[in-house]
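Just below is one structure, and these are the notes that go with it.
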Amino acid sequence: MPVDVKICGLTHADHAHLAVDLGARWLGFVHFEKSPRHVSIETARALAPRLPKAGERVGVFVNANLDTIQQMTDILQLDWIQLHGNETPEMAAHIRSLLGRKVIKAIAVSEAEDLVASNRYEGSVDAFLFDAKPPKGAVLPGGNAVSFPWQILAGKTFPVPWLLAGGLTAENLHDAVTLSGAGAVDISSGVESAPGQKDPKRIEDFLKAAKTTR
Ligand SMILES: O=C(O)c1ccccc1N[C@@H]1O[C@H](COP(=O)(O)O)[C@@H](O)[C@H]1O
């Protein structure tokens, strides 16, 4: 079975249509001002009517307040809320029950011990996203094109489904999935020509590679 793919950091409807047409399961929209992929409330309003009907929509937030998450959820009709900051299990559970949406908690990883942080979120979230720890001094908590040793995930079991993220590309996808055992992956920088600039050819190459991986 091919690996499930989330194309993250989308800012243009054309790219969202391309991703869904080529088999992406999730479409990710980042609401974080410091990100070159930031989708503001205004942009979200303009984007929403142009998005494909298919594809599960994921809003990516970093320590955002509930009102903001609620607004973005309503405008973009989000199916999933991705929490990519220091949100506690209690906050995650609160957001999940209040908004009635599935929640993904990002866990920052550089070595095997970091995976333990996911234990706290059991019962509070619907999926984990194992992403590389940002480099020292990085402005973004994700979307840095950095990876971690994928083999630390091999043979590990978690109470909820999980996605692998961080520095993935069409070229390294096969190794990443084989070494980690991931059934789902998340990519942003690896399908861009420059930070925040999605590249249709790279989206196509990645989704083609995903079809033959697993
Ligand atoms: O992409 C961003 O700008 C971003 C900002 C704030 C939080 C998370 C962000 N991105 C997430 O990081 C993964 C991995 O990115 P990459 O492939 O290494 O560039 C991305 O898919 C988002 O989930």
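Residue names in the structure tokens use chain letters A, B, ... in the order shown, residue numbers from 1 in each chain, and ligand numbers from 1 in the order shown.
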Test item: residues no farther than 9 Å from ligand 1, counting only C-alpha atoms and all ligand atoms, as a tab-separated table (two decimals) with N, CA and C atoms, in the first residue's frame:
chain	number	residue	atom	x	y	z
A	6	LYS	N	0.95	14.07	3.35
A	6	LYS	CA	0.44	15.42	3.65
A	6	LYS	C	1.38	16.41	2.98
A	7	ILE	N	0.82	17.22	2.09
A	7	ILE	CA	1.59	18.32	1.49
A	7	ILE	C	1.27	19.55	2.33
A	8	CYS	N	2.30	20.08	2.97
A	8	CYS	CA	2.07	21.16	3.95
A	8	CYS	C	2.61	22.49	3.44
A	9	GLY	N	2.07	23.56	4.04
A	9	GLY	CA	2.54	24.90	3.69
A	9	GLY	C	1.97	25.40	2.38
A	28	GLY	N	-2.03	20.81	4.01
A	28	GLY	CA	-1.70	21.55	5.22
A	28	GLY	C	-1.58	23.05	4.99
A	29	PHE	N	-2.16	23.82	5.92
A	29	PHE	CA	-2.14	25.28	5.85
A	29	PHE	C	-1.57	25.80	7.16
A	30	VAL	N	-0.47	26.55	7.05
A	30	VAL	CA	0.24	27.03	8.24
A	30	VAL	C	-0.26	28.42	8.62
A	31	HIS	N	-0.71	28.54	9.87
A	31	HIS	CA	-1.07	29.87	10.37
A	31	HIS	C	-0.08	30.24	11.46
A	32	PHE	N	1.01	30.86	11.03
A	32	PHE	CA	2.09	31.24	11.96
A	32	PHE	C	2.84	32.39	11.27
A	33	GLU	N	2.70	33.58	11.84
A	33	GLU	CA	3.18	34.79	11.13
A	33	GLU	C	4.63	34.75	10.70
A	34	LYS	N	5.48	34.06	11.48
A	34	LYS	CA	6.90	34.05	11.15
A	34	LYS	C	7.23	33.12	9.97
A	35	SER	N	6.24	32.33	9.57
A	35	SER	CA	6.50	31.36	8.50
A	35	SER	C	6.37	32.00	7.12
A	36	PRO	N	7.26	31.62	6.18
A	36	PRO	CA	7.09	32.10	4.80
A	36	PRO	C	5.86	31.47	4.14
A	37	ARG	N	5.24	30.50	4.87
A	37	ARG	CA	4.03	29.82	4.33
A	37	ARG	C	2.77	30.28	5.05
A	38	HIS	N	2.90	31.38	5.80
A	38	HIS	CA	1.79	31.85	6.64
A	38	HIS	C	0.53	32.12	5.81
A	60	VAL	N	-2.17	24.20	10.65
A	60	VAL	CA	-0.96	24.06	11.48
A	60	VAL	C	-0.83	25.32	12.35
A	61	PHE	N	-0.76	25.13	13.67
A	61	PHE	CA	-0.72	26.24	14.61
A	61	PHE	C	0.45	26.06	15.59
A	62	VAL	N	0.98	27.21	16.04
A	62	VAL	CA	2.09	27.18	17.00
A	62	VAL	C	1.68	28.04	18.21
A	82	GLN	N	-3.32	20.72	13.64
A	82	GLN	CA	-1.95	20.29	13.98
A	82	GLN	C	-1.35	21.29	14.96
A	83	LEU	N	-0.95	20.80	16.12
A	83	LEU	CA	-0.36	21.66	17.16
A	83	LEU	C	1.14	21.47	17.11
A	84	HIS	N	1.85	22.53	16.75
A	84	HIS	CA	3.29	22.42	16.49
A	84	HIS	C	4.13	23.23	17.46
A	85	GLY	N	3.52	23.58	18.61
A	85	GLY	CA	4.25	24.37	19.60
A	85	GLY	C	4.38	23.62	20.91
A	106	ALA	N	2.60	17.58	17.09
A	106	ALA	CA	3.97	17.46	16.59
A	106	ALA	C	4.91	17.22	17.77
A	129	LEU	N	2.95	13.60	14.93
A	129	LEU	CA	3.80	13.96	13.79
A	129	LEU	C	5.21	14.05	14.34
A	130	PHE	N	6.04	13.11	13.96
A	130	PHE	CA	7.43	13.14	14.42
A	130	PHE	C	8.24	13.97	13.43
A	131	ASP	N	8.65	15.14	13.90
A	131	ASP	CA	9.36	16.11	13.05
A	131	ASP	C	10.72	16.38	13.69
A	132	ALA	N	11.69	16.77	12.86
A	132	ALA	CA	13.03	17.05	13.38
A	132	ALA	C	13.03	18.28	14.29
A	139	VAL	N	13.93	30.15	13.49
A	139	VAL	CA	12.75	30.95	13.78
A	139	VAL	C	11.50	30.06	13.80
A	140	LEU	N	11.54	29.01	13.02
A	140	LEU	CA	10.38	28.13	12.88
A	140	LEU	C	10.56	26.84	13.67
A	141	PRO	N	9.48	26.32	14.27
A	141	PRO	CA	9.58	25.03	14.95
A	141	PRO	C	9.50	23.85	13.98
A	142	GLY	N	9.14	24.11	12.73
A	142	GLY	CA	9.04	23.08	11.69
A	142	GLY	C	9.24	23.76	10.35
A	143	GLY	N	9.31	22.94	9.30
A	143	GLY	CA	9.48	23.54	7.98
A	143	GLY	C	10.90	24.02	7.75
A	144	ASN	N	11.86	23.35	8.39
A	144	ASN	CA	13.27	23.76	8.29
A	144	ASN	C	14.11	22.87	7.38
A	145	ALA	N	13.48	21.92	6.72
A	145	ALA	CA	14.21	21.01	5.81
A	145	ALA	C	15.30	20.22	6.52
A	146	VAL	N	15.04	19.92	7.79
A	146	VAL	CA	16.03	19.17	8.59
A	146	VAL	C	15.42	17.81	8.92
A	147	SER	N	16.23	16.76	8.86
A	147	SER	CA	15.70	15.44	9.21
A	147	SER	C	16.39	14.90	10.46
A	164	LEU	N	5.63	10.85	9.58
A	164	LEU	CA	7.05	11.21	9.62
A	164	LEU	C	7.23	12.53	8.87
A	165	ALA	N	7.98	13.46	9.47
A	165	ALA	CA	8.24	14.75	8.82
A	165	ALA	C	9.69	15.16	9.04
A	166	GLY	N	10.10	16.15	8.28
A	166	GLY	CA	11.42	16.74	8.46
A	166	GLY	C	12.38	16.41	7.36
A	167	GLY	N	12.61	17.36	6.49
A	167	GLY	CA	13.65	17.20	5.47
A	167	GLY	C	13.39	16.13	4.43
A	168	LEU	N	12.13	15.76	4.25
A	168	LEU	CA	11.85	14.72	3.24
A	168	LEU	C	11.91	15.31	1.83
A	169	THR	N	12.27	14.46	0.88
A	169	THR	CA	12.31	14.83	-0.54
A	169	THR	C	11.89	13.60	-1.34
A	185	VAL	N	3.54	10.35	5.64
A	185	VAL	CA	4.63	11.33	5.66
A	185	VAL	C	4.08	12.73	5.41
A	186	ASP	N	4.89	13.70	5.85
A	186	ASP	CA	4.49	15.12	5.75
A	186	ASP	C	5.67	15.89	5.18
A	187	ILE	N	5.41	16.72	4.19
A	187	ILE	CA	6.51	17.42	3.53
A	187	ILE	C	6.14	18.87	3.24
A	188	SER	N	7.14	19.74	3.37
A	188	SER	CA	6.93	21.13	2.99
A	188	SER	C	8.10	21.63	2.14
A	189	SER	N	9.28	21.85	2.77
A	189	SER	CA	10.43	22.42	2.04
A	189	SER	C	10.82	21.59	0.81
A	190	GLY	N	10.70	20.28	0.92
A	190	GLY	CA	11.15	19.38	-0.14
A	190	GLY	C	10.33	19.48	-1.42
A	191	VAL	N	9.21	20.19	-1.37
A	191	VAL	CA	8.42	20.41	-2.60
A	191	VAL	C	8.37	21.91	-2.91
A	192	GLU	N	9.46	22.59	-2.55
A	192	GLU	CA	9.54	24.04	-2.81
A	192	GLU	C	10.82	24.36	-3.59
A	195	PRO	N	12.01	28.94	0.12
A	195	PRO	CA	11.09	28.89	1.26
A	195	PRO	C	9.74	29.57	0.96
A	196	GLY	N	8.69	28.78	1.07
A	196	GLY	CA	7.34	29.31	0.84
A	196	GLY	C	6.88	29.26	-0.61
Per-residue nearest contacts segment 92-181 of chain A to segment 55-59 of chain A, cut-off 10 Å, using only C-alpha atoms, as CSV:
residue,atom,partner,partner_atom,distance
A:Arg101,CA,A:Val58,CA,9.9
A:Lys102,CA,A:Val58,CA,9.3
A:Val103,CA,A:Val58,CA,9.1
A:Ile104,CA,A:Val58,CA,8.9
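Residues of segment 28-67 of chain A that DSSP places in helix (DSSP H, G or I), based on the backbone of this structure, are Ile41, Glu42, Thr43, Ala44, Arg45, Ala46, Leu47, Ala48, Pro49, Arg50, Leu66 and Asp67 of chain A.
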Could those residues be written to a file, using N, CA and C atoms, as an mmCIF file, in the first residue's frame?
data_model
loop_
_atom_site.group_PDB
_atom_site.id
_atom_site.type_symbol
_atom_site.label_atom_id
_atom_site.label_comp_id
_atom_site.auth_asym_id
_atom_site.auth_seq_id
_atom_site.Cartn_x
_atom_site.Cartn_y
_atom_site.Cartn_z
ATOM 1 N N ILE A 41 -5.726 35.177 8.196
ATOM 2 C CA ILE A 41 -7.194 35.037 8.174
ATOM 3 C C ILE A 41 -7.734 35.549 6.829
ATOM 4 N N GLU A 42 -7.193 36.675 6.376
ATOM 5 C CA GLU A 42 -7.664 37.268 5.103
ATOM 6 C C GLU A 42 -7.354 36.336 3.933
ATOM 7 N N THR A 43 -6.125 35.825 3.924
ATOM 8 C CA THR A 43 -5.751 34.898 2.836
ATOM 9 C C THR A 43 -6.634 33.654 2.882
ATOM 10 N N ALA A 44 -6.882 33.166 4.080
ATOM 11 C CA ALA A 44 -7.718 31.961 4.226
ATOM 12 C C ALA A 44 -9.110 32.210 3.642
ATOM 13 N N ARG A 45 -9.634 33.409 3.885
ATOM 14 C CA ARG A 45 -10.976 33.738 3.352
ATOM 15 C C ARG A 45 -10.980 33.700 1.821
ATOM 16 N N ALA A 46 -9.908 34.183 1.237
ATOM 17 C CA ALA A 46 -9.832 34.218 -0.231
ATOM 18 C C ALA A 46 -9.578 32.812 -0.800
ATOM 19 N N LEU A 47 -8.826 32.042 -0.066
ATOM 20 C CA LEU A 47 -8.413 30.709 -0.522
ATOM 21 C C LEU A 47 -9.548 29.682 -0.417
ATOM 22 N N ALA A 48 -10.299 29.757 0.669
ATOM 23 C CA ALA A 48 -11.277 28.704 1.001
ATOM 24 C C ALA A 48 -12.199 28.304 -0.160
ATOM 25 N N PRO A 49 -12.845 29.262 -0.842
ATOM 26 C CA PRO A 49 -13.782 28.840 -1.901
ATOM 27 C C PRO A 49 -13.101 28.218 -3.112
ATOM 28 N N ARG A 50 -11.785 28.366 -3.214
ATOM 29 C CA ARG A 50 -11.057 27.860 -4.390
ATOM 30 C C ARG A 50 -10.394 26.503 -4.134
ATOM 31 N N LEU A 66 -7.180 29.974 21.189
ATOM 32 C CA LEU A 66 -8.333 29.180 20.767
ATOM 33 C C LEU A 66 -9.202 29.921 19.752
ATOM 34 N N ASP A 67 -9.362 31.232 19.949
ATOM 35 C CA ASP A 67 -10.192 32.027 19.027
ATOM 36 C C ASP A 67 -9.643 31.956 17.607
#
**Request:** Would you please work out which residue, of A:Ala138, A:Ser180, A:Thr11, A:Lys133, is nearest to Ala154 of chain A when using only C-alpha atoms?
**Result:**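 Closest to Ala154 of chain A, using only C-alpha atoms: A:Ser180.
If only C-alpha atoms are the atoms counted, then among A:Thr157, A:Thr178, A:Ser193, A:Asn172 the closest residue to Ala209 of chain A is A:Asn172.
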